[in-house]
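J.: Handing you this structure, nothing more for now.
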Amino acid sequence: MVRWQKRAAAGVAAVALAAALAACSDSGGKQEEQSSGGGGGNVADTPRMKVALITHSGPGDTFWDIVRRGAEAAAKKDNIELQYSADPDGAAQANLVQTAIDSKVDGIAVTLNKPDAVIPNVKKAIAAGIPVTILNGGLDQWKSTGALGYFGQDERIAGQATGDKLKQLGAKKVVCVIHEQGNVSLEARCQGIKDKFGNVENVNVNGTDQPGTQATLTSKLQADKTADYVVALNAGIALTAVQAAKDAGSSAKIGSFDMSKEMAKAVNDGTVQFAVDQQPYLQGYLAIDAIWLYKTNGDTIGGGEATLTGPAFIDKSNIAAVQKYAEAGTR
Amino acid sequence: MASTITSPVSADDRVSARSLGARLLSRPEIGSLVGAAVILVFFVIAAPPFRDINNTGTILYQAALIGVMAVPVSLLMIGGEFDLSAGVAVTTSGLTAGIFAYQFSLNVWVGVLVALALSLAIGAFNGWLLMRTGLPSFLVTLGTFFILQGLNIAVTRLTSGAVASNSIGDMDGFGAAKSVFASEFKLGGVTIKIVVVWWLVFVAIAAWVLLKTQIGNWIFAAGGDAAAARAVGVPVKKVKIGLFMAVGFFAWFAGMQLLFVQNGVVQSGEGVGKEFLYIIAAVVGGCLLTGGYGSVVGGAVGALIFGMVQLGVVYAGWNPDWFKAFLGAMLLLATIVNLVVKNKAEAR
């Protein structure tokens, strides 16, 4: 570094420091964060186990973060060491299952949203005597693998319920936003809405590009003035859709799948009309707890059938009961 | 690479009197301008909502989202390098401002300044490491890409306990910062996002620097033939580090737009893949992948083409299954028109 660069760097640091000292925010920030009081329950006295949770989540996805929290809560209670890993690529996710088999875990909880890639290794795990539970995706395939149980929602049924709800609300034309092109679960939701509602048009956006999504949805609403409802398939996209409707000068209302802290606020103040909750926390929790119950007591949950964790509709009438959990990041 | 050496400037020196038309045709961005016109006409015919003047603001916004970063990426490419970390660096900057202000409960502007310092430092680090090791920019910035991607998620989770940063929407200074980075205004009935204005200002300044200043000449020289440039006294090292820092500066600006456009929350996984869109805009706009040739205006036109095609497909109401295929075909069309015009121009 030459001298002027050093001086510039020092200058920037000094300015930042001085500003930091003089510029505390009166509102918001960590100072307002409330401590939730550590629950500190008892831990099971069963022998320590190692269980792997393997999902198809992309990095930095709030939905999967909530699934993981549920799994961690169950693991903590059950004296389980939880190994979390994820890869959106089917082959790579399958390989993570193989890694879990290799490291001789006591159980595996896995998503089957890319069933063709992952199922062979799931069967291998079961053949090696490792109990496996399926969560979130794979409703049609999980039984054939010999897994202990399935915890998730039937996306088609969730979509159909949403279609009925939209009819009730008096919607006329619905835009269904797919934020991950080619994702089977998302397609099934929009298809379910179509089954019951009829006048549905899909639009594809890039779920990991928020400003781009906003511009795409704005243009969609500008192009189609008859659209009076936008249904987003995750919380982040729904909040973006709110902004897009405003930008487009459209009076379209917003409905959504999934909850989050911000979504709870939006449902509460009426900017989003309803959210279809599939309770991701519960999916993670049950998938891990089921393994523990099986290992310690031979139990299985669901009586050979899938255990559905959704759909539950959350709107203004019942948001109060959910909001504090959403704030804490568990709904 | 013969094509990298014959810059339009030297051609001008040798030919004493060229018509205005010929001079215009020899500009690197002319092909992309024709390409943009072709795309525009295509969608005006194919997509009725495209004709509505009120929708222009949306198209310009989409273009600006890529265009702001295409400015430094074009300059960097003319200077012979490229930056794979540019996409996630935007997210890093937005997260830094948000997390810093939130964790220490400070005025939002402090976070904004800290993010600026960090973004410039990341750019300087990229440039310094590149110059120090002599490795290709592909490798160096690939490393930074992964480091930033990992840090974005890990640090966000460490501080907020989740994978999105905590909202700073209710903190002091948010409103003022939002009006600078992410406000909007009406211009004759068309809603214009402020980022579009900033984009045009940035393009104008960068184009002026590139074409009218000594630094601009240095950038062309450093990208065309670094060894020859060094031999005639061009400070190649400084120029390249400076270019990477320019990428850092613009990543900061784009990161602030990302942070303030909605309630002050940034999702930590965002930005992956955006680096390619910036490079695509620059290349569609006539910048050579090998350096030494191109223009800032071209990069802006490239971003405009991308924005028009992306939204044109939506405005036209085509089956969304085909979206990416349309996008690819349109970009190829634009690039081929670009190439044909350029070849015609050079044949004169």
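Quick note on naming: the chains in the structure tokens go A, B, ... in the order shown, residues restart at 1 in each chain, and ligands are numbered from 1 in order of appearance.
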Find the spatial neighbours of Gly123 of chain B, counting only C-alpha atoms, within a cut-off of 9 Å - ignore same-chain residues fewer than 6 positions away - and output them as a list in words.
T.: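 My list of contacting residues is Ile241, Gly242, Leu243, Phe244, Met245, Ala246, Val247, Gly248 and Phe249 of chain B.
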J.: I want to know what sits within 10 Å of segment 173-183 of chain A, based on only C-alpha atoms, with residues of the same chain fewer than 3 positions away left out; could you give that as a PyMOL selection string?
T.: (chain A and resi 113-114+163+166+170+186-191+193-194+197-209+213+217+220-221+224-234+237-238+241+252-256) or (chain B and resi 320-321+323-324)
J.: With C-alpha atoms kept, could you save the residues just selected as a short mmCIF file (atom, residue, chain, number, x, y, z; two decimals), in the first residue's frame?
T.:
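Writing the result to again37.cif gives the following:
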data_model
loop_
_atom_site.label_atom_id
_atom_site.label_comp_id
_atom_site.auth_asym_id
_atom_site.auth_seq_id
_atom_site.Cartn_x
_atom_site.Cartn_y
_atom_site.Cartn_z
CA ASN A 113 -38.18 -33.86 -3.80
CA LYS A 114 -35.75 -35.31 -6.34
CA GLY A 163 -58.33 -23.03 -4.89
CA LEU A 166 -59.90 -18.33 -3.51
CA GLY A 170 -64.50 -14.19 -4.74
CA LEU A 186 -44.43 -26.03 -6.61
CA GLU A 187 -45.97 -27.18 -9.90
CA ALA A 188 -48.32 -29.45 -7.90
CA ARG A 189 -49.52 -26.52 -5.80
CA CYS A 190 -50.38 -24.38 -8.82
CA GLN A 191 -51.99 -27.41 -10.47
CA ILE A 193 -55.30 -24.39 -7.43
CA LYS A 194 -56.18 -24.88 -11.09
CA PHE A 197 -60.39 -22.68 -9.33
CA GLY A 198 -59.80 -22.90 -13.06
CA ASN A 199 -58.71 -19.45 -14.18
CA VAL A 200 -55.05 -19.67 -13.15
CA GLU A 201 -51.97 -18.52 -14.98
CA ASN A 202 -48.46 -19.51 -13.88
CA VAL A 203 -45.51 -17.17 -13.99
CA ASN A 204 -41.87 -18.13 -13.43
CA VAL A 205 -39.48 -15.98 -11.44
CA ASN A 206 -35.99 -16.48 -10.05
CA GLY A 207 -36.54 -17.03 -6.33
CA THR A 208 -33.01 -16.01 -5.36
CA ASP A 209 -33.24 -12.61 -7.06
CA THR A 213 -38.72 -10.99 -9.13
CA LEU A 217 -44.31 -9.51 -11.23
CA LYS A 220 -47.09 -9.35 -15.25
CA LEU A 221 -49.68 -7.27 -13.40
CA ASP A 224 -52.85 -8.50 -17.21
CA LYS A 225 -55.28 -6.06 -15.67
CA THR A 226 -57.86 -8.79 -15.01
CA ALA A 227 -55.65 -10.58 -12.48
CA ASP A 228 -57.16 -9.88 -9.06
CA TYR A 229 -55.19 -12.39 -6.96
CA VAL A 230 -51.53 -13.31 -6.84
CA VAL A 231 -50.64 -16.54 -5.03
CA ALA A 232 -46.99 -16.81 -4.07
CA LEU A 233 -45.50 -20.13 -3.03
CA ASN A 234 -43.18 -18.82 -0.34
CA ILE A 237 -41.99 -13.94 -2.86
CA ALA A 238 -45.37 -12.93 -1.39
CA ALA A 241 -45.58 -9.43 -4.82
CA ALA A 252 -54.70 -7.50 -7.01
CA LYS A 253 -54.66 -9.08 -3.57
CA ILE A 254 -51.94 -11.42 -2.36
CA GLY A 255 -52.22 -14.91 -0.93
CA SER A 256 -49.30 -17.12 -0.07
CA PRO B 320 -43.73 -19.65 -18.75
CA ASP B 321 -42.31 -23.14 -19.35
CA PHE B 323 -39.21 -18.65 -20.59
CA LYS B 324 -35.52 -19.57 -20.46
#
J.: Just the residues within 12 Å of Thr218 of chain A, please, counting only C-alpha atoms, with nothing from its chain fewer than 5 positions along; format it as an NGL selection string.
T.: (:A and (175 or 203 or 205 or 211-213 or 223-225 or 227 or 230 or 240-252)) or (:B and (49 or 54-59 or 61-62 or 191 or 311 or 314-315))
J.: Give me, as a ChimeraX atom specification, the residues of chain B touching chain A, with the criterion being at most 6 Å (counting only C-alpha atoms).
T.: /B:49,62,102-103,105-107,110,153,163,170-172,268-270,314-315,320
J.: The selected residues should be written to file as a PDB file, in the first residue's frame (atoms: N, CA and C atoms).
T.:
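What follows is the written file selection-v8.pdb:
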ATOM      1  N   PRO B  49     -48.777  -5.023 -24.246  1.00  0.00           N
ATOM      2  CA  PRO B  49     -48.490  -4.154 -23.094  1.00  0.00           C
ATOM      3  C   PRO B  49     -47.141  -3.452 -23.203  1.00  0.00           C
ATOM      4  N   GLN B  62     -35.775  -3.032 -14.437  1.00  0.00           N
ATOM      5  CA  GLN B  62     -35.186  -4.364 -14.626  1.00  0.00           C
ATOM      6  C   GLN B  62     -33.790  -4.238 -15.239  1.00  0.00           C
ATOM      7  N   TYR B 102     -27.982  -3.178  12.835  1.00  0.00           N
ATOM      8  CA  TYR B 102     -28.896  -3.855  13.758  1.00  0.00           C
ATOM      9  C   TYR B 102     -28.190  -4.294  15.041  1.00  0.00           C
ATOM     10  N   GLN B 103     -27.057  -4.961  14.878  1.00  0.00           N
ATOM     11  CA  GLN B 103     -26.391  -5.551  16.031  1.00  0.00           C
ATOM     12  C   GLN B 103     -25.942  -4.503  17.045  1.00  0.00           C
ATOM     13  N   SER B 105     -27.256  -1.456  17.130  1.00  0.00           N
ATOM     14  CA  SER B 105     -28.352  -0.484  17.273  1.00  0.00           C
ATOM     15  C   SER B 105     -27.907   0.931  16.887  1.00  0.00           C
ATOM     16  N   LEU B 106     -27.305   1.030  15.727  1.00  0.00           N
ATOM     17  CA  LEU B 106     -26.775   2.315  15.290  1.00  0.00           C
ATOM     18  C   LEU B 106     -27.652   2.923  14.206  1.00  0.00           C
ATOM     19  N   ASN B 107     -27.402   4.182  13.922  1.00  0.00           N
ATOM     20  CA  ASN B 107     -28.065   4.812  12.802  1.00  0.00           C
ATOM     21  C   ASN B 107     -27.738   4.029  11.528  1.00  0.00           C
ATOM     22  N   VAL B 110     -24.547   4.531   9.447  1.00  0.00           N
ATOM     23  CA  VAL B 110     -23.260   3.960   9.883  1.00  0.00           C
ATOM     24  C   VAL B 110     -23.048   2.623   9.194  1.00  0.00           C
ATOM     25  N   ILE B 153     -23.814 -16.452   4.558  1.00  0.00           N
ATOM     26  CA  ILE B 153     -24.751 -17.299   5.287  1.00  0.00           C
ATOM     27  C   ILE B 153     -24.300 -17.510   6.730  1.00  0.00           C
ATOM     28  N   VAL B 163     -31.423 -17.221   8.538  1.00  0.00           N
ATOM     29  CA  VAL B 163     -30.667 -17.042   7.302  1.00  0.00           C
ATOM     30  C   VAL B 163     -31.004 -15.740   6.576  1.00  0.00           C
ATOM     31  N   ASP B 170     -37.283  -0.100  10.920  1.00  0.00           N
ATOM     32  CA  ASP B 170     -37.818   0.866  11.882  1.00  0.00           C
ATOM     33  C   ASP B 170     -36.711   1.647  12.572  1.00  0.00           C
ATOM     34  N   MET B 171     -35.493   1.613  12.013  1.00  0.00           N
ATOM     35  CA  MET B 171     -34.370   2.258  12.697  1.00  0.00           C
ATOM     36  C   MET B 171     -34.103   3.655  12.138  1.00  0.00           C
ATOM     37  N   ASP B 172     -33.397   4.467  12.933  1.00  0.00           N
ATOM     38  CA  ASP B 172     -33.097   5.842  12.540  1.00  0.00           C
ATOM     39  C   ASP B 172     -32.315   5.866  11.229  1.00  0.00           C
ATOM     40  N   SER B 268     -29.742 -14.149   2.921  1.00  0.00           N
ATOM     41  CA  SER B 268     -28.294 -14.335   2.789  1.00  0.00           C
ATOM     42  C   SER B 268     -27.884 -15.195   1.601  1.00  0.00           C
ATOM     43  N   GLY B 269     -28.804 -15.970   1.016  1.00  0.00           N
ATOM     44  CA  GLY B 269     -28.425 -16.837  -0.104  1.00  0.00           C
ATOM     45  C   GLY B 269     -28.490 -16.156  -1.460  1.00  0.00           C
ATOM     46  N   GLU B 270     -28.872 -14.882  -1.475  1.00  0.00           N
ATOM     47  CA  GLU B 270     -29.076 -14.209  -2.760  1.00  0.00           C
ATOM     48  C   GLU B 270     -27.772 -13.865  -3.467  1.00  0.00           C
ATOM     49  N   VAL B 314     -42.732 -11.904 -20.429  1.00  0.00           N
ATOM     50  CA  VAL B 314     -43.861 -11.841 -19.494  1.00  0.00           C
ATOM     51  C   VAL B 314     -44.994 -10.998 -20.082  1.00  0.00           C
ATOM     52  N   TYR B 315     -44.626  -9.830 -20.643  1.00  0.00           N
ATOM     53  CA  TYR B 315     -45.643  -8.957 -21.227  1.00  0.00           C
ATOM     54  C   TYR B 315     -46.378  -9.667 -22.364  1.00  0.00           C
ATOM     55  N   PRO B 320     -44.952 -19.843 -19.539  1.00  0.00           N
ATOM     56  CA  PRO B 320     -43.732 -19.653 -18.749  1.00  0.00           C
ATOM     57  C   PRO B 320     -42.743 -20.819 -18.831  1.00  0.00           C
TER      58      PRO B 320
END
J.: Give the strand (DSSP E) residues of segment 139-245 of chain A, as assigned by DSSP on the backbone, as a PyMOL selection string.
T.: chain A and resi 150-152+174-178+200-204+229-232
J.: For Lys265 of chain A, which residue out of A:Ile314, A:Gln278, A:Asp299, A:Trp292 is the nearest one, using only C-alpha atoms?
T.: A:Ile314
J.: Would you mind telling me which residue in B:Trp199, B:Phe43, B:Glu184, B:Lys237 lies nearest to Ala124 of chain B when using only C-alpha atoms?
T.: B:Lys237
J.: Select from segment 53-246 of chain A everything DSSP, run on the backbone, classes as helix (DSSP H, G or I), then give the selection as an MDAnalysis selection string.
T.: chainID A and resid 62:77 90:102 115:127 142:145 155:168 184:197 210:223 235:246
J.: Measuring between only C-alpha atoms, which one of A:Ala75, A:Val322, A:Val122, A:Ile134 shows the shortest distance to Thr46 of chain A?
T.: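 For Thr46 of chain A, the nearest of the given residues is A:Ala75.
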J.: Of the residues A:Ala266, A:Ala320, A:Ile80, A:Leu135, which is the one nearest to Pro280 of chain A, using only C-alpha atoms?
T.: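 For Pro280 of chain A, the nearest of the given residues is A:Leu135.
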J.: Which is closest to Gly304 of chain A among A:Ala171, A:Ala235, A:Ala147, A:Val272, if we use only C-alpha atoms?
T.: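 That would be A:Ala147, the residue with the smallest distance to Gly304 of chain A.
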